[in-house]
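Asker: Got run-v1.txt for you, compact mmCIF, C-alpha atoms and all ligand atoms:
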```txt
# COMPACT_ATOMS: atom_id res chain seq x y z
CA MET A 774 -36.56 -14.61 28.14
CA LEU A 775 -39.21 -12.09 27.12
CA ILE A 776 -39.37 -8.78 28.98
CA LEU A 777 -42.22 -6.27 28.85
CA VAL A 778 -40.79 -2.75 28.94
CA THR A 779 -43.44 -0.15 29.74
CA GLY A 780 -42.38 3.35 28.69
CA GLY A 781 -39.75 1.69 26.49
CA ALA A 782 -39.91 4.44 23.86
CA GLY A 783 -38.78 7.00 26.47
CA TYR A 784 -35.30 8.16 27.40
CA ILE A 785 -34.23 5.56 29.96
CA GLY A 786 -36.53 2.81 28.64
CA SER A 787 -35.05 2.96 25.13
CA HIS A 788 -31.47 2.68 26.45
CA THR A 789 -32.55 -0.22 28.62
CA CYS A 790 -34.13 -1.95 25.60
CA VAL A 791 -30.68 -1.77 23.97
CA ALA A 792 -29.01 -3.23 27.07
CA LEU A 793 -31.63 -6.01 27.34
CA LEU A 794 -31.38 -6.94 23.65
CA GLU A 795 -27.59 -6.93 23.84
CA ALA A 796 -27.76 -9.21 26.88
CA GLY A 797 -29.86 -11.71 24.87
CA TYR A 798 -33.38 -10.86 26.09
CA SER A 799 -36.36 -10.31 23.78
CA VAL A 800 -38.33 -7.15 24.34
CA VAL A 801 -41.94 -6.01 24.00
CA VAL A 802 -42.53 -2.28 24.49
CA ALA A 803 -45.85 -0.84 25.71
CA ASP A 804 -45.96 2.94 25.55
CA ASN A 805 -48.71 5.52 25.00
CA LEU A 806 -46.16 7.89 23.43
CA ALA A 807 -47.25 10.67 25.78
CA ASN A 808 -43.62 11.82 25.97
CA SER A 809 -41.86 9.92 23.21
CA ASN A 810 -41.83 8.92 19.59
CA LYS A 811 -42.10 5.46 18.09
CA THR A 812 -39.16 6.13 15.74
CA VAL A 813 -36.86 5.75 18.75
CA LEU A 814 -37.50 2.01 18.57
CA VAL A 815 -36.32 1.92 14.95
CA GLU A 816 -33.03 3.37 16.25
CA VAL A 817 -32.93 0.73 18.99
CA GLU A 818 -33.31 -1.93 16.29
CA LYS A 819 -30.54 -0.26 14.25
CA ILE A 820 -28.15 -0.26 17.21
CA THR A 821 -28.80 -3.85 18.20
CA GLY A 822 -29.76 -5.51 14.90
CA LYS A 823 -32.71 -7.05 16.78
CA LYS A 824 -36.48 -6.61 16.62
CA VAL A 825 -38.61 -4.79 19.18
CA GLN A 826 -42.34 -5.44 19.28
CA PHE A 827 -44.27 -2.27 20.00
CA TYR A 828 -47.80 -1.80 21.37
CA LEU A 829 -49.44 1.61 21.63
CA ILE A 830 -50.95 1.05 25.05
CA ASP A 831 -51.72 3.17 28.05
CA VAL A 832 -50.59 1.11 31.02
CA THR A 833 -53.46 2.45 33.12
CA ASP A 834 -55.87 0.80 30.66
CA GLU A 835 -56.55 -2.62 32.14
CA ALA A 836 -58.45 -4.09 29.19
CA ASN A 837 -55.63 -3.36 26.74
CA LEU A 838 -52.98 -4.52 29.16
CA ASP A 839 -54.92 -7.73 29.73
CA ARG A 840 -54.93 -8.41 25.97
CA LEU A 841 -51.18 -7.89 25.92
CA PHE A 842 -50.63 -10.37 28.77
CA LYS A 843 -52.88 -12.89 26.97
CA THR A 844 -50.83 -12.51 23.80
CA HIS A 845 -47.39 -12.86 25.40
CA GLN A 846 -46.05 -14.95 28.24
CA PHE A 847 -43.65 -12.48 29.84
CA ASP A 848 -40.77 -13.58 32.02
CA GLY A 849 -40.51 -10.16 33.61
CA VAL A 850 -41.58 -6.54 33.39
CA MET A 851 -39.66 -3.30 33.64
CA HIS A 852 -41.94 -0.45 34.50
CA PHE A 853 -40.62 2.88 33.20
CA ALA A 854 -43.96 4.32 32.05
CA GLY A 855 -44.67 7.48 33.98
CA LEU A 856 -44.79 11.23 33.90
CA LYS A 857 -41.69 12.84 35.38
CA ALA A 858 -41.83 16.64 35.32
CA VAL A 859 -41.65 17.76 38.95
CA GLY A 860 -42.99 21.28 38.26
CA GLU A 861 -45.87 19.99 36.14
CA SER A 862 -46.80 17.57 38.90
CA VAL A 863 -47.27 20.52 41.27
CA GLU A 864 -49.60 22.16 38.73
CA LYS A 865 -51.46 18.95 37.79
CA PRO A 866 -51.33 16.62 40.79
CA LEU A 867 -54.29 14.48 39.73
CA LEU A 868 -52.74 13.76 36.35
CA TYR A 869 -49.59 12.52 38.10
CA TYR A 870 -51.33 10.50 40.81
CA HIS A 871 -53.64 8.93 38.25
CA ASN A 872 -51.01 8.10 35.66
CA ASN A 873 -48.09 7.05 37.83
CA ILE A 874 -49.95 5.16 40.54
CA LEU A 875 -52.68 3.56 38.46
CA SER A 876 -50.11 2.32 35.94
CA THR A 877 -48.18 0.60 38.74
CA ILE A 878 -51.34 -0.93 40.21
CA THR A 879 -52.67 -2.13 36.85
CA LEU A 880 -49.36 -3.60 35.78
CA ALA A 881 -48.75 -5.35 39.11
CA LYS A 882 -52.27 -6.76 39.01
CA LYS A 883 -51.69 -8.29 35.57
CA CYS A 884 -48.34 -9.70 36.68
CA LEU A 885 -50.00 -11.46 39.61
CA GLU A 886 -52.91 -12.68 37.49
CA TYR A 887 -50.66 -14.09 34.77
CA GLY A 888 -47.91 -15.42 37.02
CA VAL A 889 -45.22 -12.94 35.93
CA LYS A 890 -42.87 -12.99 38.88
CA HIS A 891 -40.15 -10.49 37.99
CA PHE A 892 -40.86 -6.77 38.37
CA VAL A 893 -38.34 -3.94 38.06
CA PHE A 894 -39.58 -0.46 38.97
CA SER A 895 -38.20 3.00 38.06
CA SER A 896 -38.04 4.86 41.32
CA SER A 897 -36.13 8.01 42.06
CA ALA A 898 -33.70 9.51 44.53
CA THR A 899 -36.39 12.13 45.07
CA VAL A 900 -37.96 9.73 47.63
CA TYR A 901 -35.06 10.47 50.00
CA GLY A 902 -36.21 14.09 50.27
CA GLU A 903 -33.94 16.08 52.53
CA ASN A 904 -31.99 13.17 54.01
CA PRO A 905 -28.26 13.93 54.11
CA SER A 906 -26.00 12.46 51.41
CA PRO A 907 -24.59 9.91 50.83
CA LEU A 908 -28.07 8.41 50.62
CA LEU A 909 -28.54 4.85 51.80
CA GLU A 910 -31.36 2.47 50.87
CA THR A 911 -32.13 1.90 54.55
CA MET A 912 -32.93 5.56 55.26
CA GLU A 913 -36.44 6.58 56.17
CA LEU A 914 -38.18 8.10 53.14
CA LEU A 915 -38.88 11.80 53.31
CA PRO A 916 -40.59 12.53 50.01
CA ARG A 917 -40.03 16.05 48.76
CA THR A 918 -43.18 18.09 48.56
CA SER A 919 -43.89 17.28 44.95
CA PRO A 920 -46.74 15.09 43.81
CA TYR A 921 -44.26 13.43 41.44
CA GLY A 922 -42.06 12.37 44.37
CA GLU A 923 -45.12 11.13 46.22
CA THR A 924 -46.13 8.95 43.27
CA LYS A 925 -42.75 7.22 43.44
CA ALA A 926 -42.93 6.71 47.21
CA ILE A 927 -46.52 5.40 46.97
CA SER A 928 -45.70 3.08 44.06
CA GLU A 929 -42.76 1.72 46.06
CA GLN A 930 -45.06 1.11 49.01
CA ILE A 931 -47.63 -0.71 46.86
CA LEU A 932 -44.96 -3.01 45.47
CA LYS A 933 -43.49 -3.62 48.95
CA ASP A 934 -46.93 -4.60 50.25
CA LEU A 935 -47.47 -6.96 47.31
CA GLY A 936 -44.05 -8.51 47.81
CA ARG A 937 -44.92 -9.24 51.41
CA VAL A 938 -48.01 -11.31 50.61
CA ASN A 939 -47.04 -12.95 47.31
CA GLU A 940 -44.20 -15.25 48.11
CA HIS A 941 -43.02 -15.76 44.52
CA PHE A 942 -43.18 -12.10 43.48
CA ALA A 943 -39.68 -10.63 43.06
CA VAL A 944 -39.41 -6.86 42.90
CA ALA A 945 -36.47 -4.49 42.44
CA LEU A 946 -37.07 -0.85 43.31
CA LEU A 947 -34.36 1.09 41.51
CA ARG A 948 -33.75 4.59 42.78
CA TYR A 949 -32.12 6.56 40.00
CA PHE A 950 -30.00 9.58 40.70
CA ASN A 951 -29.54 12.04 37.80
CA PRO A 952 -29.49 10.16 34.48
CA VAL A 953 -27.76 12.08 31.68
CA GLY A 954 -25.92 11.42 28.41
CA ALA A 955 -26.89 9.29 25.45
CA HIS A 956 -25.97 6.11 23.62
CA GLN A 957 -22.58 6.55 21.97
CA SER A 958 -24.11 5.93 18.53
CA ALA A 959 -25.94 9.26 19.04
CA LEU A 960 -29.05 7.54 17.65
CA ILE A 961 -30.97 7.65 20.93
CA GLY A 962 -30.83 10.14 23.78
CA GLU A 963 -32.87 12.64 25.72
CA LYS A 964 -35.25 14.79 23.68
CA PRO A 965 -37.33 16.96 25.99
CA ASP A 966 -40.36 18.75 24.59
CA GLY A 967 -40.03 22.54 24.83
CA VAL A 968 -37.73 24.22 27.34
CA PRO A 969 -35.96 21.52 29.39
CA ASN A 970 -36.38 21.27 33.15
CA ASN A 971 -33.14 19.43 33.79
CA LEU A 972 -29.61 20.75 33.73
CA MET A 973 -27.90 18.61 31.07
CA PRO A 974 -30.50 19.07 28.31
CA PHE A 975 -30.49 22.77 29.16
CA ILE A 976 -26.70 22.84 28.75
CA THR A 977 -26.79 21.07 25.37
CA GLN A 978 -29.50 23.40 24.07
CA VAL A 979 -27.54 26.48 25.14
CA ALA A 980 -24.42 25.02 23.50
CA ARG A 981 -26.45 24.48 20.32
CA GLY A 982 -27.71 28.08 20.40
CA LYS A 983 -31.36 27.02 20.85
CA LEU A 984 -31.37 28.78 24.23
CA LYS A 985 -29.41 31.96 24.94
CA LYS A 986 -28.03 31.47 28.38
CA LEU A 987 -27.88 28.95 31.17
CA ARG A 988 -29.14 30.02 34.57
CA VAL A 989 -27.28 28.56 37.52
CA PHE A 990 -29.84 28.29 40.29
CA GLY A 991 -28.00 29.61 43.33
CA ASN A 992 -24.35 29.75 44.38
CA ASP A 993 -24.90 30.07 48.12
CA TYR A 994 -25.41 26.40 49.01
CA PRO A 995 -23.05 24.80 51.54
CA THR A 996 -21.24 22.88 48.77
CA ILE A 997 -17.76 22.92 47.23
CA ASP A 998 -18.44 26.05 45.11
CA GLY A 999 -21.89 27.07 46.37
CA THR A 1000 -23.83 25.46 43.49
CA GLY A 1001 -26.04 22.38 43.75
CA VAL A 1002 -24.34 18.99 43.82
CA ARG A 1003 -25.88 15.93 42.14
CA ASP A 1004 -24.93 12.36 41.32
CA TYR A 1005 -25.04 12.31 37.52
CA ILE A 1006 -25.12 8.84 36.02
CA HIS A 1007 -24.63 7.93 32.37
CA VAL A 1008 -27.90 6.54 31.00
CA CYS A 1009 -26.08 3.51 29.53
CA ASP A 1010 -24.66 2.62 32.96
CA LEU A 1011 -28.17 2.99 34.34
CA ALA A 1012 -29.54 0.71 31.61
CA GLU A 1013 -26.91 -1.93 32.40
CA GLY A 1014 -27.88 -1.63 36.08
CA HIS A 1015 -31.40 -2.74 35.12
CA VAL A 1016 -30.13 -5.88 33.44
CA ALA A 1017 -27.98 -6.63 36.51
CA ALA A 1018 -31.00 -6.13 38.80
CA LEU A 1019 -33.20 -8.36 36.64
CA GLU A 1020 -30.62 -11.12 36.69
CA LYS A 1021 -30.26 -11.02 40.47
CA LEU A 1022 -34.00 -10.79 41.29
CA LYS A 1023 -35.18 -13.07 44.06
CA PRO A 1024 -38.57 -13.37 45.78
CA GLY A 1025 -39.28 -10.35 47.96
CA VAL A 1026 -38.50 -6.68 47.49
CA CYS A 1027 -35.01 -5.29 47.04
CA ILE A 1028 -34.11 -1.62 46.82
CA TYR A 1029 -31.03 -0.33 45.03
CA ASN A 1030 -29.55 3.10 44.46
CA LEU A 1031 -28.37 3.47 40.89
CA GLY A 1032 -25.87 6.30 40.86
CA THR A 1033 -22.10 6.71 40.74
CA GLY A 1034 -21.60 7.61 44.40
CA ARG A 1035 -19.91 10.86 43.36
CA GLY A 1036 -21.31 14.37 43.52
CA THR A 1037 -20.69 16.99 40.84
CA SER A 1038 -21.60 20.67 41.22
CA VAL A 1039 -23.36 22.69 38.55
CA LEU A 1040 -20.18 24.70 37.90
CA GLU A 1041 -18.08 21.52 37.70
CA LEU A 1042 -20.49 20.06 35.15
CA ILE A 1043 -20.36 23.25 33.07
CA GLU A 1044 -16.54 23.29 33.24
CA THR A 1045 -16.30 19.63 32.16
CA PHE A 1046 -18.80 20.13 29.32
CA GLU A 1047 -16.84 23.15 28.03
CA ARG A 1048 -13.47 21.41 28.31
CA VAL A 1049 -14.30 18.07 26.66
CA ASN A 1050 -16.37 19.59 23.88
CA GLY A 1051 -14.22 22.68 23.28
CA LEU A 1052 -17.18 25.04 23.75
CA LYS A 1053 -18.08 28.07 25.83
CA LEU A 1054 -21.38 28.15 27.70
CA PRO A 1055 -22.83 31.54 28.52
CA TYR A 1056 -24.31 31.43 32.00
CA GLU A 1057 -25.44 33.64 34.85
CA ILE A 1058 -25.96 32.99 38.54
CA THR A 1059 -29.58 33.47 39.55
CA ALA A 1060 -31.68 32.83 42.66
CA ARG A 1061 -32.15 29.31 44.00
CA ARG A 1062 -34.90 27.25 42.36
CA PRO A 1063 -37.69 26.62 44.87
CA GLY A 1064 -37.69 23.05 46.16
CA ASP A 1065 -34.02 22.35 45.31
CA ILE A 1066 -31.69 20.83 47.88
CA ALA A 1067 -27.97 21.51 48.24
CA GLU A 1068 -26.70 18.05 47.48
CA CYS A 1069 -27.89 14.60 46.56
CA TYR A 1070 -25.60 11.66 45.89
CA ALA A 1071 -25.81 7.94 46.43
CA ASP A 1072 -24.15 5.37 48.57
CA VAL A 1073 -23.75 2.72 45.88
CA SER A 1074 -22.17 -0.03 47.93
CA LYS A 1075 -25.31 -2.21 48.00
CA ALA A 1076 -25.68 -2.33 44.20
CA LYS A 1077 -21.97 -3.00 43.86
CA ARG A 1078 -22.05 -5.79 46.42
CA GLU A 1079 -25.32 -7.50 45.51
CA LEU A 1080 -25.74 -6.76 41.80
CA CYS A 1081 -22.03 -6.85 40.96
CA TRP A 1082 -22.73 -3.67 39.03
CA GLN A 1083 -21.21 -0.23 39.16
CA ALA A 1084 -21.27 2.80 36.90
CA ARG A 1085 -18.19 2.85 34.64
CA ARG A 1086 -18.62 6.02 32.61
CA THR A 1087 -17.21 9.37 33.73
CA VAL A 1088 -18.76 12.84 33.84
CA ALA A 1089 -16.61 13.62 30.79
CA ASP A 1090 -18.22 10.67 28.93
CA MET A 1091 -21.66 11.97 29.91
CA CYS A 1092 -20.85 15.44 28.52
CA LEU A 1093 -19.34 14.08 25.29
CA ASP A 1094 -22.26 11.73 24.61
CA ALA A 1095 -24.95 14.27 25.51
CA TRP A 1096 -23.39 16.79 23.12
CA ARG A 1097 -22.88 14.25 20.31
CA PHE A 1098 -26.57 13.36 20.53
CA GLU A 1099 -27.63 17.02 20.49
CA GLU A 1100 -25.44 17.72 17.44
CA ASN A 1101 -26.88 14.74 15.58
CA ASN A 1102 -30.51 15.54 16.20
P1 LIG B 1201 -39.59 9.56 29.56
O1 LIG B 1201 -40.69 10.53 29.65
O2 LIG B 1201 -38.56 9.77 28.50
O3 LIG B 1201 -40.16 8.07 29.41
C1 LIG B 1201 -41.34 7.66 30.00
C2 LIG B 1201 -42.15 6.94 28.94
O4 LIG B 1201 -43.38 6.49 29.53
C3 LIG B 1201 -42.53 7.83 27.77
O5 LIG B 1201 -42.20 7.16 26.56
C4 LIG B 1201 -44.04 8.02 27.90
O6 LIG B 1201 -44.67 8.16 26.64
C5 LIG B 1201 -44.44 6.74 28.61
N1 LIG B 1201 -45.66 6.81 29.42
C6 LIG B 1201 -46.01 7.70 30.37
N2 LIG B 1201 -47.18 7.37 30.91
C7 LIG B 1201 -47.61 6.23 30.30
C8 LIG B 1201 -48.74 5.40 30.43
N3 LIG B 1201 -49.72 5.65 31.29
N4 LIG B 1201 -48.83 4.31 29.63
C9 LIG B 1201 -47.87 4.02 28.74
N5 LIG B 1201 -46.76 4.77 28.57
C10 LIG B 1201 -46.64 5.87 29.35
O7 LIG B 1201 -38.89 9.50 30.99
P2 LIG B 1201 -37.56 8.79 31.45
O8 LIG B 1201 -36.59 9.84 31.82
O9 LIG B 1201 -37.16 7.75 30.47
O10 LIG B 1201 -38.06 8.12 32.80
C11 LIG B 1201 -38.47 6.77 32.87
C12 LIG B 1201 -38.91 6.46 34.28
O11 LIG B 1201 -37.84 6.72 35.18
C13 LIG B 1201 -40.09 7.32 34.76
O12 LIG B 1201 -40.93 6.51 35.55
C14 LIG B 1201 -39.41 8.38 35.61
O13 LIG B 1201 -40.26 8.88 36.60
C15 LIG B 1201 -38.26 7.60 36.21
N6 LIG B 1201 -37.13 8.44 36.61
C16 LIG B 1201 -36.58 9.31 35.70
C17 LIG B 1201 -35.52 10.13 36.09
C18 LIG B 1201 -34.91 11.11 35.13
O14 LIG B 1201 -34.26 12.04 35.58
N7 LIG B 1201 -35.07 10.97 33.82
C19 LIG B 1201 -35.02 10.03 37.38
C20 LIG B 1201 -35.60 9.13 38.29
C21 LIG B 1201 -36.67 8.34 37.87
C1 LIG B 1202 -29.65 19.53 38.77
C2 LIG B 1202 -28.92 20.71 39.38
C3 LIG B 1202 -30.35 22.58 39.87
C4 LIG B 1202 -31.37 23.48 35.71
C5 LIG B 1202 -34.72 16.23 38.96
C6 LIG B 1202 -35.91 15.69 39.71
C7 LIG B 1202 -35.61 14.32 40.23
C8 LIG B 1202 -35.12 13.39 39.11
C9 LIG B 1202 -34.01 14.01 38.32
C10 LIG B 1202 -37.00 12.16 38.28
C11 LIG B 1202 -29.68 21.36 40.53
C12 LIG B 1202 -29.35 22.94 38.81
C13 LIG B 1202 -30.85 22.93 36.86
C14 LIG B 1202 -30.92 24.77 35.31
C15 LIG B 1202 -29.47 24.82 37.23
N1 LIG B 1202 -36.17 13.12 38.17
N2 LIG B 1202 -29.93 23.58 37.61
N3 LIG B 1202 -29.99 25.39 36.09
O1 LIG B 1202 -33.49 18.75 40.38
O2 LIG B 1202 -31.55 17.18 40.83
O3 LIG B 1202 -33.62 16.30 39.87
O4 LIG B 1202 -34.39 15.33 37.89
O5 LIG B 1202 -37.15 11.39 39.16
O6 LIG B 1202 -36.79 13.85 40.80
O7 LIG B 1202 -36.21 16.57 40.78
O8 LIG B 1202 -32.18 17.71 38.47
O9 LIG B 1202 -31.23 18.50 36.35
O10 LIG B 1202 -33.19 19.74 37.33
O11 LIG B 1202 -30.98 19.92 38.44
O12 LIG B 1202 -28.63 25.44 37.90
O13 LIG B 1202 -31.36 25.33 34.31
O14 LIG B 1202 -28.79 21.73 38.38
O15 LIG B 1202 -30.57 23.65 40.76
O16 LIG B 1202 -28.72 21.80 41.47
P1 LIG B 1202 -32.71 17.58 40.00
P2 LIG B 1202 -31.95 18.97 37.56
```
Could you quickly redo this structure as C-alpha cells?
Ligand code: NAD
Ligand code: WQD

Answerer:
Amino acid sequence: MLILVTGGAGYIGSHTCVALLEAGYSVVVADNLANSNKTVLVEVEKITGKKVQFYLIDVTDEANLDRLFKTHQFDGVMHFAGLKAVGESVEKPLLYYHNNILSTITLAKKCLEYGVKHFVFSSSATVYGENPSPLLETMELLPRTSPYGETKAISEQILKDLGRVNEHFAVALLRYFNPVGAHQSALIGEKPDGVPNNLMPFITQVARGKLKKLRVFGNDYPTIDGTGVRDYIHVCDLAEGHVAALEKLKPGVCIYNLGTGRGTSVLELIETFERVNGLKLPYEITARRPGDIAECYADVSKAKRELCWQARRTVADMCLDAWRFEENN
C-alpha cells in the first residue's frame, strides 16, 4: 500500500511516516519545505531502515500535483501540509486561507480524479472553540476567532460535502489536541523557527538556556491551579492514531478526537518536566494570552471504540522525549 503524505517533512508528518513505514506501508512525501527541512526524511529512513520518496511540491499547485498522481498510484493520502501559527494567521489571513484551503481542495480534486479513495486530514481541537471539555466529536463547531481555526473548519466542511456525494470516498477528520514530544531516537522532533509559540518547545528552549524565562500566561483561570489546562498527546501516539484511522477507513466521513482524554495544567507540565529531567525552569506568571481558553481536553471514547487505538505514553514520557530531542539538536 502506497500512501502520499503531504507535509511529511514536518513535525507530525515525519513521525507518521515512521509509523506508516513500521506498519508496512510505502510512503511518498510531498512538501514545499515552507516550515521544514528535507534532512528530516534522512532521519526517518535511519529510524525505519526504509526508503522515503520525496517531492518538493506545493500542494496548492495543481499541475505539479497532477504529475505526482500520474507517476504514482496511491492507495491513500494523509494531508498534513498546512500553516499552523495561530498568531501569524491573524496577521496574514489570506496566506492561511489560500494555503490551507486551496491545498485541501487541490488534493481532494486529484484524489477524486485518480480514484484515490482514502483521505486522512489533519484537523485540530481548535474547531471546538469555546465548547466545554471534555470535547465530543458530535458537538457543534464554534471555531475560535483565528483564521487558522477557520481554515480547519472550512477544510472539514469541504471534505464532508465531498464525502456526501462521492459514495466510495472515505475520509477521516482527525482532531488533534496538543501534540508534544519526539521520537525516542531523538532523531526527529519539533524544531520551530525562531521563538516558539507553543508551550513545550518554549519549555525545552528555556531549559537549554536559549530563552531566559518561561512566561505562564495567567493563573486566574477556573482550573485546578489557575493555569490553562490542555490535553497533551505524545506525537508518536498521534502518529499511531493515523495508522489506526487509515486501517479502519470506510466510505463516508468519520471524525475522531486524537488526544489522551486527560487535562494537564501549565504548572503541572512544568513540574513534571523539572522532575523527570532533573532541571529547574525559571518562570514568571504574566497576564493571560489573548484568545486562550481555560481548558481543552478530549473525550476519546470514540477513537478507542472504533479505531481500537488509545494514547499509551504519559506526560512524563512526553517531557523526557521532548528534552532528549532538544539536547541532541
Ligand atoms: P509543520 O509545520 O511541522 O508541518 C507542516 C508541513 O507542511 C511542513 O513541512 C510544511 O513545509 C508543509 N507545508 C505547508 N504548506 C504546504 C503546501 N502548500 N504544500 C506543501 N507542503 C506544505 O506542522 P505540524 O505540527 O507537523 O502540523 C501538521 C498538520 O497538523 C498541520 O496541518 C497543522 O495545522 C495540523 N495540526 C497541528 C497541531 C500542532 O499543534 N502541531 C495541532 C492540530 C493540528
Ligand atoms: C498551551 C497552554 C497557554 C506558551 C495551540 C493552537 C491549537 C493547536 C495547538 C494547531 C495554554 C500556555 C503557552 C507559553 C504559556 N495547534 N502557555 N506560556 O494554545 O492550547 O494550542 O497549539 O492546531 O490550534 O491554538 O497550545 O502550547 O500555545 O499553549 O503559559 O509561553 O500553555 O496559555 O494554556 P494551545 P500552546

Asker: Give the residues close to ligand LIG 1201 (chain B), within 7 Å, counting all atoms listed in the file; write them as number ranges by chain.

Answerer: A: 779-786, 803-809, 830-833, 853-857, 872-873, 876, 895-898, 948-952, 963

Asker: Write out as a JSON list (two decimals) with C-alpha atoms, keeping the file's coordinate frame the residues lying within 10 Å of A:Ala959, counting only C-alpha atoms and excluding same-chain residues fewer than 5 positions away.

Answerer:
```json
[["chain", "number", "residue", "atom", "x", "y", "z"],
["A", 816, "GLU", "CA", -33.03, 3.37, 16.25],
["A", 820, "ILE", "CA", -28.15, -0.26, 17.21],
["A", 954, "GLY", "CA", -25.92, 11.42, 28.41],
["A", 1094, "ASP", "CA", -22.26, 11.73, 24.61],
["A", 1095, "ALA", "CA", -24.95, 14.27, 25.51],
["A", 1096, "TRP", "CA", -23.39, 16.79, 23.12],
["A", 1097, "ARG", "CA", -22.88, 14.25, 20.31],
["A", 1098, "PHE", "CA", -26.57, 13.36, 20.53],
["A", 1099, "GLU", "CA", -27.63, 17.02, 20.49],
["A", 1100, "GLU", "CA", -25.44, 17.72, 17.44],
["A", 1101, "ASN", "CA", -26.88, 14.74, 15.58],
["A", 1102, "ASN", "CA", -30.51, 15.54, 16.20]]
```

Asker: Mind pulling up the distance from atom CA of A:Glu795 to atom CA of A:Lys823?

Answerer: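 So the answer is 8.7 Å.
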
Asker: Give me, please, the distance in Å between atom CA of A:Lys964 and atom CA of A:Thr977, quoted to one decimal.

Answerer: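 Straight-line distance from atom CA of A:Lys964 to atom CA of A:Thr977 works out to 10.7 Å.
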
Asker: Rounded to one decimal in Å, what is the spacing between atom CA of A:Pro974 and atom CA of A:Arg1085?

Answerer: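 It comes out at 21.3 Å.
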
Asker: From (-36.4, 22.2, 43.9), in the file's coordinates, out to 9 Å: which residues are reached, counting only C-alpha atoms? Answer as a PDB file with C-alpha atoms, keeping the file's coordinate frame.

Answerer:
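Ended up saving to part-v7.pdb:
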```pdb
ATOM      1  CA  VAL A 859     -41.650  17.760  38.950  1.00  0.00           C
ATOM      2  CA  GLY A 860     -42.990  21.280  38.260  1.00  0.00           C
ATOM      3  CA  ARG A 917     -40.030  16.050  48.760  1.00  0.00           C
ATOM      4  CA  ARG A1061     -32.150  29.310  44.000  1.00  0.00           C
ATOM      5  CA  ARG A1062     -34.900  27.250  42.360  1.00  0.00           C
ATOM      6  CA  PRO A1063     -37.690  26.620  44.870  1.00  0.00           C
ATOM      7  CA  GLY A1064     -37.690  23.050  46.160  1.00  0.00           C
ATOM      8  CA  ASP A1065     -34.020  22.350  45.310  1.00  0.00           C
ATOM      9  CA  ILE A1066     -31.690  20.830  47.880  1.00  0.00           C
TER      10      ILE A1066
END
```

Asker: Do you know which residues lie at most 10 Å from (-24.6, 23.7, 24.0), with coordinates as in the file and only C-alpha atoms counted, and could you write them as a tab-separated table (two decimals) with C-alpha atoms, in the frame of the given file?

Answerer:
```
chain	number	residue	atom	x	y	z
A	973	MET	CA	-27.90	18.61	31.07
A	974	PRO	CA	-30.50	19.07	28.31
A	975	PHE	CA	-30.49	22.77	29.16
A	976	ILE	CA	-26.70	22.84	28.75
A	977	THR	CA	-26.79	21.07	25.37
A	978	GLN	CA	-29.50	23.40	24.07
A	979	VAL	CA	-27.54	26.48	25.14
A	980	ALA	CA	-24.42	25.02	23.50
A	981	ARG	CA	-26.45	24.48	20.32
A	982	GLY	CA	-27.71	28.08	20.40
A	983	LYS	CA	-31.36	27.02	20.85
A	984	LEU	CA	-31.37	28.78	24.23
A	985	LYS	CA	-29.41	31.96	24.94
A	986	LYS	CA	-28.03	31.47	28.38
A	987	LEU	CA	-27.88	28.95	31.17
A	1046	PHE	CA	-18.80	20.13	29.32
A	1047	GLU	CA	-16.84	23.15	28.03
A	1050	ASN	CA	-16.37	19.59	23.88
A	1052	LEU	CA	-17.18	25.04	23.75
A	1053	LYS	CA	-18.08	28.07	25.83
A	1054	LEU	CA	-21.38	28.15	27.70
A	1055	PRO	CA	-22.83	31.54	28.52
A	1095	ALA	CA	-24.95	14.27	25.51
A	1096	TRP	CA	-23.39	16.79	23.12
A	1099	GLU	CA	-27.63	17.02	20.49
A	1100	GLU	CA	-25.44	17.72	17.44
```

Asker: Applying 7 Å and all atoms listed in the file, which residues near A:Ser799 remain after dropping the ones on its own chain fewer than 2 positions away? List them as a PyMOL selection string.

Answerer: chain A and resi 774-776+794+797

Asker: Pick out the closest residue to A:Asp998 from this set: A:Gly822, A:Leu1022, A:Leu1031, A:Thr1037. Count only C-alpha atoms.

Answerer: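 Of A:Gly822, A:Leu1022, A:Leu1031, A:Thr1037, the one nearest A:Asp998, counting only C-alpha atoms, is A:Thr1037.
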
Asker: For a quick check of understanding, using only C-alpha atoms and all ligand atoms, which of A:Leu947, A:Leu909, A:Leu868, A:Ala858 has the smallest distance to ligand LIG 1202 (chain B)?

Answerer: A:Ala858

Asker: Find, counting all atoms listed in the file, the residue in A:Ser862, A:Gln930, A:Thr1045, A:Ser958 that gets nearest to ligand LIG 1202 (chain B).

Answerer: A:Ser862

Asker: Could you name the residues that touch A:Leu908 at 6 Å or less, counting only C-alpha atoms, but leaving out those on the same chain fewer than 2 positions away, as a PyMOL selection string?

Answerer: chain A and resi 906+1071-1072

Asker: Closest to ligand LIG 1202 (chain B) among A:Gly991, A:Gly1025, A:Gly1036, A:Gly999, using only C-alpha atoms and all ligand atoms?

Answerer: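 Using only C-alpha atoms and all ligand atoms, ligand LIG 1202 (chain B) sits closest to A:Gly991.
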
Asker: Considering all atoms listed in the file, can you say which of A:Lys890, A:Arg937, A:Arg1086, A:Lys925 comes closest to ligand LIG 1202 (chain B)?

Answerer: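 Using all atoms listed in the file, ligand LIG 1202 (chain B) sits closest to A:Lys925.
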
Asker: Considering only C-alpha atoms, return as a ChimeraX atom specification whatever protein or nucleic-acid residues lie within 7 Å of A:Val953, sequence-local ones (same chain, fewer than 6 positions apart) excluded.

Answerer: /A:973,1005-1008,1091

Asker: Measuring between only C-alpha atoms, which one of A:Ala945, A:Val900, A:Leu880, A:Leu915 shows the shortest distance to A:Ala1018?

Answerer: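 Using only C-alpha atoms, the shortest distance to A:Ala1018 belongs to A:Ala945.
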
Asker: Env of A:Leu946: 8 Å cut, atoms = all atoms listed in the file, seq-sep filter 5 positions within chain, self excluded. Answer as a PyMOL selection string.

Answerer: chain A and resi 893-896+929+1026-1029

Asker: Put a box with edges along x, y and z around all the listed atoms of stretch 935-939 of chain A, pad it by 5 Å on each side, then give me its centre and sizes in Å, one decimal, as JSON.

Answerer:
```
{"center_x": -46.0, "center_y": -10.0, "center_z": 49.4, "size_x": 14.0, "size_y": 16.0, "size_z": 14.1}
```
